[in-house]
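The next block holds one structure in the form of structure tokens; read it before the comments.
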Amino acid sequence: MRANKHRAFYEALTRHNYFPNQKSIIGELPPCLSTRRFTPEIAEKIAAIPRSDNQEKRSKGFDLVEYQATRYNNVPRVLSLVHPKAHSLLCKHIHDHWDKLNYIEDNEQSRIKPEYHDDGRYVIMGYGCAIEKIDTIHSKSFGKKFRVHTDISNCFNSIYSHSLPWALVGFSEAKIKSNDKHEWFNQYDFYLRNTKRGETQGIPIGPTTSNVVVEVILGKVDDELMNNKFDFQRHIDDYECYCQTREEADQFILILGKELAKYKLTLHLNKTKIIELPHPHEDEWTIELKSALPSRLQNDNDAPKLSSSEALSFLNKAILLNKATPDGSVLKYAIHIILNYLQDNTASSVYSCVLNLAWHYPILVPFLDTLIEKSDLKPRDYTEHLENIILENAKHNRSDGMAWPLHIFRKYNVIPSVKIIEHILDSKDCVAITILNSFIPDNTKIKEFAQSIMDTNDLYEKDRYWLLLYQLFLKGDILNAYEDKKIFEIMKENQVDFIPDDKISPAEEECERLKFRGIFGHIDTL
């Protein structure tokens with residue numbers, strides 16, 4: 001049983017939770033991007049490549065591809081696509097020492113802790129987590145007079161890598177052995193820094209390897225809060241505590257802040273609130289939005305679906321509510337609610353409304369993919385609009401605002417105009433250019449752009465475009481970008497393609513054979 005879990009965990013780190021892919025429904029990256037062909041065996045081969053003669057040039061580790069994901073307030077959250085070598089080394093180290101780390105699965109205070117899912121992922125976040133959170137509030141708040149809500153300020157970007165050994169073996173042992181490079185916990189710190197230019201401040205946002213780090217560190221904070229008998233839950237870096245008195249609530253904030261400070265983390269003061277109970281478990285806008293749904297849908301999934309007028313009235317209500325909460329979260333939630341309640345002839349009307357909203361809020365662009373499919377729209381109906389969205393987002397360097405429309409073009413065999421191609425290249429966005437390269441008939445300008453990166457001989461500049469450089473190398477469009485050619489060669493030999501077709505690679509077939517042999521049982525048997 002444990003061997004099966006161990007294998008499932010390794011596949012999650014490499015195949016399913018390597019690139020940012022933690023949302024339950026619509027992912028952070030367009031679905032044309034996938035790491036399913038990057039298997040544990042390939043990671044092992046890459047990790048085993050010996051240190052090269054130019055290792056001094058790698059003294060600061062590897063740089064990574066940045067993906068600017070737009071948040072509700074249109075301020076980007078920088079997600080990371082870690083270099084395959086750095087990721088392989090880190091995954092192998094975590095896998096090899098999982099017996100010292102797997103206790104994080106048993107932390108009952110962590111409500112979105114790593115666990116095994118049917119699709120192979122180890123971390124999934126979404127609206128289901130929000131429902132679970134509400135259920136917890138109901139059960140925990142009984143007999144309590146106050147609820148504390150707080151979260152950690154800029155959590156992933158604030159993690160201090162040296163605090164990882166502190167959490168793993170304790171402050172005293174970690175500091176005594178801080179210079180011993182052979183200790184597993186110091187190697188863990190090194191491989192973590194290796195993913196991000198050797199920086200000690202901040203860890204990549206997106207891969208589940210980073211969630212493991214957060215669970216290790218905050219798990220120690222949770223232990224201290226438990227020792228102080230607080231009744232609390234944590235959702236990643238978001239805390240809820242239920243208290244009998246105001247003094248107990250103040251004490252929770254004080255002790256939590258003190259324990260976080262030991263690991264160089266701080267509370268987000270603007271989001272720290274003590275709420276007197278009883279109090280609604282949802283924000284006012286959420287309650288008002290749900291009440292705007294036709295009553296027949298609120299308790300019956302089989303009820304007649306929304307007509308165009310009903311759907312548009314609901315979205316109009318969301319737009320008004322968004323004026324009072326102008327961060328886009330209202331709109332995203334509203335669209336998510338009604339997607340499965342649309343009549344066959346309703347989706348096109350909703351598409352037109354969401355299209356207009358998506359120009360203002362790029363976080364809504366992924367919904368256009370679903371609505372175009374539901375509406376059976378033709379390319380002539382959306383090409384010009386999506387090109388305008390690309391132009392607007394290229395101006396502001398928003399990766400998702402370019403990548404998702406390009407994914408739609410690719411899906412429906414629409415070739416963007418020369419003007420769009422030029423603006424995407426001018427944006428220098430690696431993910432957008434990589435998706436564009438995967439479907440346009442003439443990629444001459446993209447090859448020229450890639451060659452300009454290769455001509456710099458700057459290792460870290462190449463790392464910031466490793467995905468594009470590899471995909472071009474895979475298709476035979478450019479030579480291997482790196483002096484140490486083995487990384488790309490191993491991936492190409494094993495048919496790793498990060499924009500794969502439906503075919504199953506030999507490495508994926510090997511994963512299936514391991515399941516068949518019982519080395520890695522199906523998730524539902526774990």
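Chains: A, B, ... in order of the structure tokens. Residues: from 1 per chain. Ligands: from 1, in order shown.
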As a ChimeraX atom specification, please: the residues near region 430-446 of chain A (cut-off 10 Å, only C-alpha atoms, same-chain neighbours under 2 positions excluded). /A:29-30,32-33,65-68,81,390,394,398-407,409-411,413-416,421-422,424-428,448-452,464-472,475,477,498-500
Determine which residues of region 340-472 of chain A DSSP labels as helix (DSSP H, G or I) from the backbone of this structure, then write them out as a tab-separated table (two decimals) with N, CA and C atoms, in the first residue's frame.
chain	number	residue	atom	x	y	z
A	340	ASN	N	-23.35	25.50	-15.91
A	340	ASN	CA	-24.02	24.21	-16.10
A	340	ASN	C	-25.53	24.31	-16.11
A	341	TYR	N	-26.04	25.54	-16.02
A	341	TYR	CA	-27.49	25.74	-15.98
A	341	TYR	C	-28.03	26.40	-17.25
A	347	ALA	N	-26.26	29.83	-24.39
A	347	ALA	CA	-24.81	30.02	-24.24
A	347	ALA	C	-24.27	31.15	-25.10
A	348	SER	N	-24.83	31.32	-26.31
A	348	SER	CA	-24.30	32.37	-27.20
A	348	SER	C	-24.56	33.76	-26.62
A	349	SER	N	-25.72	33.96	-26.00
A	349	SER	CA	-26.01	35.25	-25.37
A	349	SER	C	-25.09	35.50	-24.19
A	350	VAL	N	-24.88	34.46	-23.40
A	350	VAL	CA	-23.97	34.58	-22.26
A	350	VAL	C	-22.55	34.83	-22.74
A	351	TYR	N	-22.17	34.17	-23.83
A	351	TYR	CA	-20.84	34.39	-24.40
A	351	TYR	C	-20.63	35.87	-24.72
A	352	SER	N	-21.60	36.51	-25.36
A	352	SER	CA	-21.45	37.92	-25.73
A	352	SER	C	-21.25	38.80	-24.50
A	353	CYS	N	-21.99	38.49	-23.44
A	353	CYS	CA	-21.85	39.25	-22.20
A	353	CYS	C	-20.48	39.03	-21.57
A	354	VAL	N	-20.06	37.77	-21.47
A	354	VAL	CA	-18.77	37.44	-20.85
A	354	VAL	C	-17.62	37.98	-21.68
A	355	LEU	N	-17.77	37.99	-23.00
A	355	LEU	CA	-16.74	38.54	-23.87
A	355	LEU	C	-16.45	40.00	-23.52
A	356	ASN	N	-17.51	40.77	-23.34
A	356	ASN	CA	-17.33	42.18	-22.96
A	356	ASN	C	-16.67	42.32	-21.60
A	357	LEU	N	-17.07	41.48	-20.66
A	357	LEU	CA	-16.48	41.53	-19.32
A	357	LEU	C	-15.02	41.10	-19.34
A	358	ALA	N	-14.71	40.11	-20.19
A	358	ALA	CA	-13.34	39.57	-20.24
A	358	ALA	C	-12.34	40.60	-20.75
A	359	TRP	N	-12.81	41.53	-21.56
A	359	TRP	CA	-11.89	42.59	-22.01
A	359	TRP	C	-11.41	43.41	-20.82
A	360	HIS	N	-12.30	43.61	-19.85
A	360	HIS	CA	-11.95	44.38	-18.65
A	360	HIS	C	-11.26	43.51	-17.60
A	362	PRO	N	-9.32	40.04	-17.50
A	362	PRO	CA	-8.74	38.88	-18.20
A	362	PRO	C	-8.90	37.56	-17.45
A	363	ILE	N	-9.15	37.62	-16.15
A	363	ILE	CA	-9.34	36.38	-15.38
A	363	ILE	C	-10.56	35.61	-15.89
A	364	LEU	N	-11.45	36.30	-16.64
A	364	LEU	CA	-12.66	35.67	-17.17
A	364	LEU	C	-12.45	35.04	-18.54
A	365	VAL	N	-11.32	35.32	-19.19
A	365	VAL	CA	-11.10	34.82	-20.56
A	365	VAL	C	-11.23	33.30	-20.66
A	366	PRO	N	-10.75	32.50	-19.70
A	366	PRO	CA	-10.90	31.05	-19.84
A	366	PRO	C	-12.34	30.57	-20.00
A	367	PHE	N	-13.31	31.33	-19.46
A	367	PHE	CA	-14.71	30.92	-19.63
A	367	PHE	C	-15.15	31.00	-21.09
A	368	LEU	N	-14.48	31.83	-21.87
A	368	LEU	CA	-14.85	31.96	-23.28
A	368	LEU	C	-14.66	30.64	-24.02
A	369	ASP	N	-13.65	29.90	-23.64
A	369	ASP	CA	-13.39	28.61	-24.26
A	369	ASP	C	-14.60	27.69	-24.08
A	370	THR	N	-15.11	27.60	-22.86
A	370	THR	CA	-16.26	26.75	-22.57
A	370	THR	C	-17.51	27.24	-23.30
A	371	LEU	N	-17.72	28.56	-23.30
A	371	LEU	CA	-18.93	29.13	-23.90
A	371	LEU	C	-18.93	29.01	-25.42
A	372	ILE	N	-17.77	29.15	-26.04
A	372	ILE	CA	-17.69	28.95	-27.50
A	372	ILE	C	-18.07	27.52	-27.85
A	373	GLU	N	-17.59	26.58	-27.04
A	373	GLU	CA	-17.90	25.17	-27.27
A	373	GLU	C	-19.39	24.91	-27.09
A	374	LYS	N	-19.98	25.48	-26.03
A	374	LYS	CA	-21.41	25.28	-25.77
A	374	LYS	C	-22.27	25.96	-26.83
A	375	SER	N	-21.78	27.06	-27.36
A	375	SER	CA	-22.57	27.85	-28.32
A	375	SER	C	-22.43	27.36	-29.74
A	379	PRO	N	-15.65	30.51	-36.18
A	379	PRO	CA	-14.52	31.42	-36.02
A	379	PRO	C	-14.81	32.87	-36.39
A	380	ARG	N	-15.64	33.08	-37.41
A	380	ARG	CA	-15.96	34.45	-37.81
A	380	ARG	C	-16.67	35.22	-36.70
A	381	ASP	N	-17.28	34.47	-35.75
A	381	ASP	CA	-18.05	35.11	-34.69
A	381	ASP	C	-17.16	35.62	-33.55
A	382	TYR	N	-15.93	35.11	-33.45
A	382	TYR	CA	-15.11	35.48	-32.28
A	382	TYR	C	-13.68	35.88	-32.60
A	383	THR	N	-13.20	35.63	-33.81
A	383	THR	CA	-11.77	35.86	-34.09
A	383	THR	C	-11.35	37.31	-33.83
A	384	GLU	N	-12.09	38.27	-34.38
A	384	GLU	CA	-11.70	39.67	-34.22
A	384	GLU	C	-11.71	40.09	-32.75
A	385	HIS	N	-12.71	39.64	-32.01
A	385	HIS	CA	-12.81	40.01	-30.60
A	385	HIS	C	-11.64	39.43	-29.80
A	386	LEU	N	-11.33	38.17	-30.04
A	386	LEU	CA	-10.23	37.55	-29.30
A	386	LEU	C	-8.88	38.18	-29.67
A	387	GLU	N	-8.74	38.58	-30.91
A	387	GLU	CA	-7.51	39.27	-31.30
A	387	GLU	C	-7.39	40.60	-30.55
A	388	ASN	N	-8.49	41.30	-30.36
A	388	ASN	CA	-8.46	42.55	-29.60
A	388	ASN	C	-8.09	42.30	-28.14
A	389	ILE	N	-8.58	41.20	-27.60
A	389	ILE	CA	-8.23	40.84	-26.22
A	389	ILE	C	-6.73	40.54	-26.13
A	390	ILE	N	-6.19	39.84	-27.12
A	390	ILE	CA	-4.75	39.56	-27.14
A	390	ILE	C	-3.96	40.86	-27.19
A	391	LEU	N	-4.37	41.78	-28.05
A	391	LEU	CA	-3.66	43.07	-28.17
A	391	LEU	C	-3.65	43.82	-26.83
A	392	GLU	N	-4.78	43.85	-26.18
A	392	GLU	CA	-4.89	44.57	-24.91
A	392	GLU	C	-3.99	43.93	-23.85
A	393	ASN	N	-3.96	42.62	-23.79
A	393	ASN	CA	-3.18	41.94	-22.77
A	393	ASN	C	-1.69	41.88	-23.09
A	394	ALA	N	-1.36	41.90	-24.38
A	394	ALA	CA	0.06	41.99	-24.77
A	394	ALA	C	0.64	43.31	-24.30
A	395	LYS	N	-0.19	44.35	-24.34
A	395	LYS	CA	0.23	45.69	-23.89
A	395	LYS	C	0.61	45.67	-22.41
A	399	SER	N	0.12	37.17	-19.27
A	399	SER	CA	0.30	35.89	-19.98
A	399	SER	C	-1.02	35.21	-20.27
A	400	ASP	N	-1.90	35.13	-19.27
A	400	ASP	CA	-3.14	34.38	-19.46
A	400	ASP	C	-4.06	35.05	-20.48
A	401	GLY	N	-4.03	36.39	-20.54
A	401	GLY	CA	-4.86	37.11	-21.49
A	401	GLY	C	-4.43	36.90	-22.93
A	402	MET	N	-3.22	36.41	-23.15
A	402	MET	CA	-2.76	36.02	-24.48
A	402	MET	C	-2.87	34.52	-24.69
A	403	ALA	N	-2.48	33.74	-23.69
A	403	ALA	CA	-2.39	32.29	-23.84
A	403	ALA	C	-3.75	31.64	-24.07
A	404	TRP	N	-4.77	32.08	-23.34
A	404	TRP	CA	-6.08	31.44	-23.49
A	404	TRP	C	-6.73	31.71	-24.85
A	405	PRO	N	-6.74	32.96	-25.35
A	405	PRO	CA	-7.26	33.14	-26.72
A	405	PRO	C	-6.47	32.35	-27.76
A	406	LEU	N	-5.15	32.26	-27.58
A	406	LEU	CA	-4.35	31.48	-28.52
A	406	LEU	C	-4.71	30.00	-28.44
A	407	HIS	N	-4.98	29.52	-27.24
A	407	HIS	CA	-5.44	28.14	-27.08
A	407	HIS	C	-6.73	27.91	-27.86
A	408	ILE	N	-7.66	28.88	-27.80
A	408	ILE	CA	-8.92	28.77	-28.55
A	408	ILE	C	-8.66	28.76	-30.05
A	409	PHE	N	-7.78	29.65	-30.52
A	409	PHE	CA	-7.43	29.66	-31.94
A	409	PHE	C	-6.85	28.31	-32.37
A	410	ARG	N	-5.97	27.80	-31.55
A	410	ARG	CA	-5.34	26.52	-31.87
A	410	ARG	C	-6.38	25.40	-31.93
A	411	LYS	N	-7.30	25.42	-31.00
A	411	LYS	CA	-8.34	24.39	-30.89
A	411	LYS	C	-9.23	24.37	-32.14
A	418	VAL	N	-1.07	38.70	-38.91
A	418	VAL	CA	0.35	39.07	-38.78
A	418	VAL	C	0.54	40.07	-37.66
A	419	LYS	N	-0.39	40.99	-37.52
A	419	LYS	CA	-0.32	42.00	-36.46
A	419	LYS	C	-0.31	41.35	-35.08
A	420	ILE	N	-1.15	40.36	-34.89
A	420	ILE	CA	-1.23	39.66	-33.59
A	420	ILE	C	0.07	38.92	-33.31
A	421	ILE	N	0.58	38.25	-34.32
A	421	ILE	CA	1.84	37.51	-34.16
A	421	ILE	C	2.96	38.46	-33.75
A	422	GLU	N	3.02	39.62	-34.38
A	422	GLU	CA	4.06	40.60	-34.05
A	422	GLU	C	3.93	41.10	-32.61
A	423	HIS	N	2.70	41.34	-32.18
A	423	HIS	CA	2.50	41.84	-30.81
A	423	HIS	C	2.83	40.77	-29.76
A	424	ILE	N	2.54	39.53	-30.08
A	424	ILE	CA	2.88	38.45	-29.15
A	424	ILE	C	4.40	38.32	-29.04
A	425	LEU	N	5.08	38.40	-30.16
A	425	LEU	CA	6.54	38.35	-30.12
A	425	LEU	C	7.11	39.55	-29.38
A	426	ASP	N	6.53	40.72	-29.58
A	426	ASP	CA	6.99	41.92	-28.89
A	426	ASP	C	6.79	41.81	-27.37
A	427	SER	N	5.76	41.05	-26.96
A	427	SER	CA	5.51	40.88	-25.52
A	427	SER	C	6.60	40.04	-24.86
A	430	CYS	N	6.94	33.90	-22.87
A	430	CYS	CA	7.37	32.57	-23.29
A	430	CYS	C	6.19	31.64	-23.56
A	431	VAL	N	5.23	31.58	-22.65
A	431	VAL	CA	4.12	30.64	-22.81
A	431	VAL	C	3.26	31.00	-24.01
A	432	ALA	N	2.95	32.27	-24.18
A	432	ALA	CA	2.14	32.70	-25.33
A	432	ALA	C	2.85	32.38	-26.64
A	433	ILE	N	4.14	32.66	-26.71
A	433	ILE	CA	4.89	32.39	-27.95
A	433	ILE	C	4.96	30.89	-28.20
A	434	THR	N	5.10	30.09	-27.14
A	434	THR	CA	5.18	28.64	-27.30
A	434	THR	C	3.87	28.07	-27.84
A	435	ILE	N	2.74	28.55	-27.33
A	435	ILE	CA	1.45	28.09	-27.84
A	435	ILE	C	1.28	28.53	-29.30
A	436	LEU	N	1.62	29.78	-29.58
A	436	LEU	CA	1.53	30.30	-30.95
A	436	LEU	C	2.36	29.43	-31.90
A	437	ASN	N	3.55	29.07	-31.48
A	437	ASN	CA	4.45	28.27	-32.32
A	437	ASN	C	3.87	26.90	-32.65
A	444	THR	N	8.77	31.21	-38.83
A	444	THR	CA	10.09	31.79	-39.11
A	444	THR	C	10.45	32.87	-38.09
A	445	LYS	N	9.52	33.77	-37.81
A	445	LYS	CA	9.83	34.85	-36.88
A	445	LYS	C	10.05	34.34	-35.46
A	446	ILE	N	9.35	33.28	-35.11
A	446	ILE	CA	9.55	32.69	-33.78
A	446	ILE	C	10.93	32.05	-33.70
A	447	LYS	N	11.34	31.39	-34.75
A	447	LYS	CA	12.69	30.80	-34.78
A	447	LYS	C	13.76	31.89	-34.69
A	448	GLU	N	13.52	32.99	-35.35
A	448	GLU	CA	14.46	34.12	-35.29
A	448	GLU	C	14.52	34.68	-33.87
A	449	PHE	N	13.36	34.78	-33.22
A	449	PHE	CA	13.32	35.25	-31.84
A	449	PHE	C	14.10	34.29	-30.93
A	450	ALA	N	13.89	32.99	-31.12
A	450	ALA	CA	14.59	31.99	-30.31
A	450	ALA	C	16.10	32.06	-30.54
A	451	GLN	N	16.49	32.26	-31.80
A	451	GLN	CA	17.92	32.35	-32.12
A	451	GLN	C	18.56	33.55	-31.43
A	452	SER	N	17.82	34.64	-31.31
A	452	SER	CA	18.38	35.82	-30.63
A	452	SER	C	18.64	35.53	-29.16
A	453	ILE	N	17.83	34.69	-28.57
A	453	ILE	CA	18.05	34.29	-27.18
A	453	ILE	C	19.27	33.38	-27.08
A	454	MET	N	19.39	32.45	-27.99
A	454	MET	CA	20.52	31.54	-27.99
A	454	MET	C	21.83	32.27	-28.24
A	455	ASP	N	21.80	33.32	-29.05
A	455	ASP	CA	23.02	34.06	-29.39
A	455	ASP	C	23.57	34.86	-28.21
A	459	LEU	N	23.01	31.93	-19.85
A	459	LEU	CA	22.32	30.73	-19.40
A	459	LEU	C	20.95	31.04	-18.83
A	460	TYR	N	20.89	32.09	-18.02
A	460	TYR	CA	19.64	32.38	-17.33
A	460	TYR	C	18.59	32.97	-18.26
A	461	GLU	N	19.03	33.68	-19.28
A	461	GLU	CA	18.08	34.14	-20.29
A	461	GLU	C	17.50	32.94	-21.04
A	462	LYS	N	18.33	31.97	-21.32
A	462	LYS	CA	17.84	30.74	-21.96
A	462	LYS	C	16.85	30.03	-21.03
A	463	ASP	N	17.17	29.98	-19.74
A	463	ASP	CA	16.27	29.32	-18.79
A	463	ASP	C	14.89	29.97	-18.79
A	466	TRP	N	13.14	28.33	-21.56
A	466	TRP	CA	13.48	26.93	-21.79
A	466	TRP	C	12.33	26.17	-22.47
A	467	LEU	N	11.09	26.50	-22.13
A	467	LEU	CA	9.94	25.79	-22.71
A	467	LEU	C	9.88	26.01	-24.22
A	468	LEU	N	10.00	27.25	-24.66
A	468	LEU	CA	9.98	27.55	-26.09
A	468	LEU	C	11.17	26.91	-26.79
A	469	LEU	N	12.36	27.04	-26.20
A	469	LEU	CA	13.56	26.50	-26.82
A	469	LEU	C	13.48	24.98	-26.95
A	470	TYR	N	12.91	24.33	-25.93
A	470	TYR	CA	12.79	22.87	-26.00
A	470	TYR	C	11.78	22.46	-27.07
A	471	GLN	N	10.62	23.11	-27.10
A	471	GLN	CA	9.60	22.72	-28.06
A	471	GLN	C	10.08	22.91	-29.50
A	472	LEU	N	10.85	23.98	-29.74
A	472	LEU	CA	11.43	24.18	-31.07
A	472	LEU	C	12.48	23.11	-31.39
Rounded to one decimal, what separation in Å do you get between CA of Ile338 (chain A) and CA of Tyr361 (chain A)? 18.0 Å
So which bits of region 28-250 of chain A end up strand (DSSP E or B) when you DSSP the backbone, as number ranges by chain? A: 65-70, 76-81, 110, 125, 146-152, 160, 201, 231-235, 238-243
Contacts of Ser80 (chain A) at 8 Å or less, counting only C-alpha atoms, minus same-chain residues fewer than 6 places along, as a VMD selection string? chain A and resid 19 to 20 64 to 67 204 to 207
Quick one: everything within 9 Å of region 265-273 of chain A, counting only C-alpha atoms, minus sequence neighbours fewer than 5 positions away in the same chain. Send it as a PyMOL selection string. chain A and resi 147-155+158-160+253+256-260
Looking at only C-alpha atoms, which of A:Leu474, A:Leu13, A:Ile275, A:Cys241 is the one that sits closest to His93 (chain A)? A:Leu13
For Asp344 (chain A), please output as a ChimeraX atom specification all residues within 10 Å (counting only C-alpha atoms; exclusion window: fewer than 5 positions along the same chain). /A:305-308,374-376
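All residues of protein, DNA or RNA that reach within 9 Å of Ala12 (chain A), judged by only C-alpha atoms and not counting those fewer than 2 positions away in the chain, are A:Arg7, A:Ala8, A:Phe9, A:Tyr10, A:Thr14, A:Arg15, A:His16, A:Asn17, A:Tyr18, A:Tyr116, A:Gly120, A:Arg121, A:Tyr122, A:Val123, A:Thr208.
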Residues of the last selection are to be written out with all heavy atoms, as a compact mmCIF listing (two decimals), in the first residue's frame.
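This went into part-v1.txt:
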# COMPACT_ATOMS: atom_id res chain seq x y z
N ARG A 7 4.65 5.74 -5.30
CA ARG A 7 4.68 5.88 -6.75
C ARG A 7 3.68 6.95 -7.21
O ARG A 7 3.98 7.78 -8.08
CB ARG A 7 4.38 4.53 -7.40
CG ARG A 7 4.23 4.60 -8.93
CD ARG A 7 5.53 4.89 -9.61
NE ARG A 7 5.34 5.20 -11.03
CZ ARG A 7 6.31 5.30 -11.92
NH1 ARG A 7 7.56 5.13 -11.55
NH2 ARG A 7 6.06 5.58 -13.18
N ALA A 8 2.48 6.93 -6.64
CA ALA A 8 1.47 7.92 -7.01
C ALA A 8 1.96 9.32 -6.71
O ALA A 8 1.73 10.26 -7.49
CB ALA A 8 0.17 7.64 -6.24
N PHE A 9 2.65 9.46 -5.60
CA PHE A 9 3.19 10.76 -5.22
C PHE A 9 4.23 11.23 -6.24
O PHE A 9 4.22 12.39 -6.67
CB PHE A 9 3.82 10.65 -3.84
CG PHE A 9 4.53 11.89 -3.39
CD1 PHE A 9 3.83 13.05 -3.11
CD2 PHE A 9 5.91 11.90 -3.25
CE1 PHE A 9 4.48 14.20 -2.70
CE2 PHE A 9 6.57 13.05 -2.83
CZ PHE A 9 5.86 14.20 -2.56
N TYR A 10 5.11 10.35 -6.66
CA TYR A 10 6.17 10.70 -7.61
C TYR A 10 5.55 11.11 -8.96
O TYR A 10 5.98 12.08 -9.59
CB TYR A 10 7.11 9.51 -7.79
CG TYR A 10 8.54 9.88 -8.14
CD1 TYR A 10 9.51 8.88 -8.25
CD2 TYR A 10 8.94 11.19 -8.35
CE1 TYR A 10 10.84 9.19 -8.56
CE2 TYR A 10 10.26 11.52 -8.66
CZ TYR A 10 11.20 10.52 -8.76
OH TYR A 10 12.51 10.83 -9.06
N THR A 14 5.73 14.89 -10.93
CA THR A 14 6.35 15.01 -12.25
C THR A 14 5.33 15.17 -13.37
O THR A 14 5.47 16.04 -14.24
CB THR A 14 7.23 13.79 -12.55
OG1 THR A 14 6.46 12.58 -12.38
CG2 THR A 14 8.43 13.74 -11.61
N ARG A 15 4.27 14.35 -13.37
CA ARG A 15 3.34 14.30 -14.51
C ARG A 15 2.12 15.21 -14.36
O ARG A 15 1.60 15.71 -15.35
CB ARG A 15 2.83 12.86 -14.72
CG ARG A 15 3.91 11.84 -15.03
CD ARG A 15 3.28 10.49 -15.31
NE ARG A 15 2.47 10.54 -16.53
CZ ARG A 15 1.52 9.66 -16.83
NH1 ARG A 15 1.23 8.69 -15.98
NH2 ARG A 15 0.86 9.75 -17.96
N HIS A 16 1.65 15.40 -13.13
CA HIS A 16 0.33 16.01 -12.95
C HIS A 16 0.35 17.36 -12.23
O HIS A 16 -0.56 18.17 -12.45
CB HIS A 16 -0.58 15.04 -12.19
CG HIS A 16 -0.67 13.69 -12.82
ND1 HIS A 16 -1.20 13.49 -14.08
CD2 HIS A 16 -0.27 12.46 -12.40
CE1 HIS A 16 -1.15 12.21 -14.39
NE2 HIS A 16 -0.59 11.55 -13.39
N ASN A 17 1.31 17.60 -11.38
CA ASN A 17 1.38 18.87 -10.65
C ASN A 17 2.74 19.55 -10.82
O ASN A 17 3.26 20.17 -9.91
CB ASN A 17 1.13 18.66 -9.14
CG ASN A 17 -0.32 18.56 -8.78
OD1 ASN A 17 -0.73 17.65 -8.07
ND2 ASN A 17 -1.13 19.50 -9.26
N TYR A 18 3.32 19.40 -12.02
CA TYR A 18 4.61 20.04 -12.32
C TYR A 18 4.35 21.50 -12.71
O TYR A 18 4.74 22.42 -12.00
CB TYR A 18 5.31 19.24 -13.42
CG TYR A 18 6.58 19.82 -14.01
CD1 TYR A 18 7.17 20.99 -13.54
CD2 TYR A 18 7.23 19.15 -15.06
CE1 TYR A 18 8.34 21.50 -14.09
CE2 TYR A 18 8.40 19.65 -15.62
CZ TYR A 18 8.94 20.83 -15.14
OH TYR A 18 10.10 21.33 -15.71
N TYR A 116 -4.24 12.26 -2.42
CA TYR A 116 -4.29 11.64 -3.74
C TYR A 116 -5.66 11.79 -4.37
O TYR A 116 -6.68 11.53 -3.73
CB TYR A 116 -3.89 10.17 -3.62
CG TYR A 116 -2.52 10.00 -3.01
CD1 TYR A 116 -2.37 9.76 -1.65
CD2 TYR A 116 -1.37 10.15 -3.79
CE1 TYR A 116 -1.12 9.65 -1.07
CE2 TYR A 116 -0.12 10.03 -3.22
CZ TYR A 116 0.00 9.79 -1.86
OH TYR A 116 1.26 9.68 -1.29
N GLY A 120 -4.77 11.85 -10.66
CA GLY A 120 -3.32 11.76 -10.48
C GLY A 120 -2.72 12.95 -9.77
O GLY A 120 -1.55 12.90 -9.35
N ARG A 121 -3.48 14.03 -9.60
CA ARG A 121 -2.93 15.20 -8.91
C ARG A 121 -2.87 14.99 -7.41
O ARG A 121 -3.59 14.16 -6.85
CB ARG A 121 -3.76 16.44 -9.24
CG ARG A 121 -3.53 16.95 -10.65
CD ARG A 121 -4.29 18.23 -10.91
NE ARG A 121 -5.74 18.02 -11.04
CZ ARG A 121 -6.61 19.02 -11.20
NH1 ARG A 121 -6.20 20.28 -11.24
NH2 ARG A 121 -7.91 18.75 -11.33
N TYR A 122 -2.02 15.76 -6.78
CA TYR A 122 -1.81 15.66 -5.33
C TYR A 122 -2.37 16.88 -4.59
O TYR A 122 -2.60 16.83 -3.40
CB TYR A 122 -0.30 15.53 -5.07
CG TYR A 122 0.08 15.07 -3.69
CD1 TYR A 122 -0.47 13.91 -3.13
CD2 TYR A 122 1.02 15.77 -2.94
CE1 TYR A 122 -0.10 13.49 -1.87
CE2 TYR A 122 1.40 15.35 -1.68
CZ TYR A 122 0.83 14.20 -1.15
OH TYR A 122 1.20 13.77 0.11
N VAL A 123 -2.54 17.98 -5.31
CA VAL A 123 -3.15 19.19 -4.75
C VAL A 123 -4.18 19.72 -5.73
O VAL A 123 -3.88 19.92 -6.92
CB VAL A 123 -2.10 20.28 -4.46
CG1 VAL A 123 -2.78 21.58 -4.07
CG2 VAL A 123 -1.13 19.84 -3.36
N THR A 208 3.54 21.56 -7.17
CA THR A 208 3.17 21.01 -5.87
C THR A 208 4.38 20.84 -4.95
O THR A 208 4.24 20.75 -3.73
CB THR A 208 2.41 19.69 -6.06
OG1 THR A 208 1.08 20.01 -6.47
CG2 THR A 208 2.33 18.87 -4.80
CA of Arg513 (chain A) to CA of Glu493 (chain A), distance in Å rounded to a single decimal: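 Separating CA of Arg513 (chain A) from CA of Glu493 (chain A) is a distance of 19.5 Å.
Counting from CA of Asp63 (chain A), the distance to CA of Thr195 (chain A) is 6.6 Å.
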Go through A:Ser309, A:Asn186, A:Pro304, A:Ala481 one by one, measure the shortest atom-to-atom distance of each to Asp458 (chain A) using only C-alpha atoms, and give the residue with the smallest value.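 Closest to Asp458 (chain A), using only C-alpha atoms: A:Ala481.
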A:Gln495, A:Asn322, A:Asn194, A:Gln233 ranked by distance to Lys113 (chain A), top pick (using only C-alpha atoms):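 Once distances to Lys113 (chain A) are computed over only C-alpha atoms, the minimum belongs to A:Gln233.
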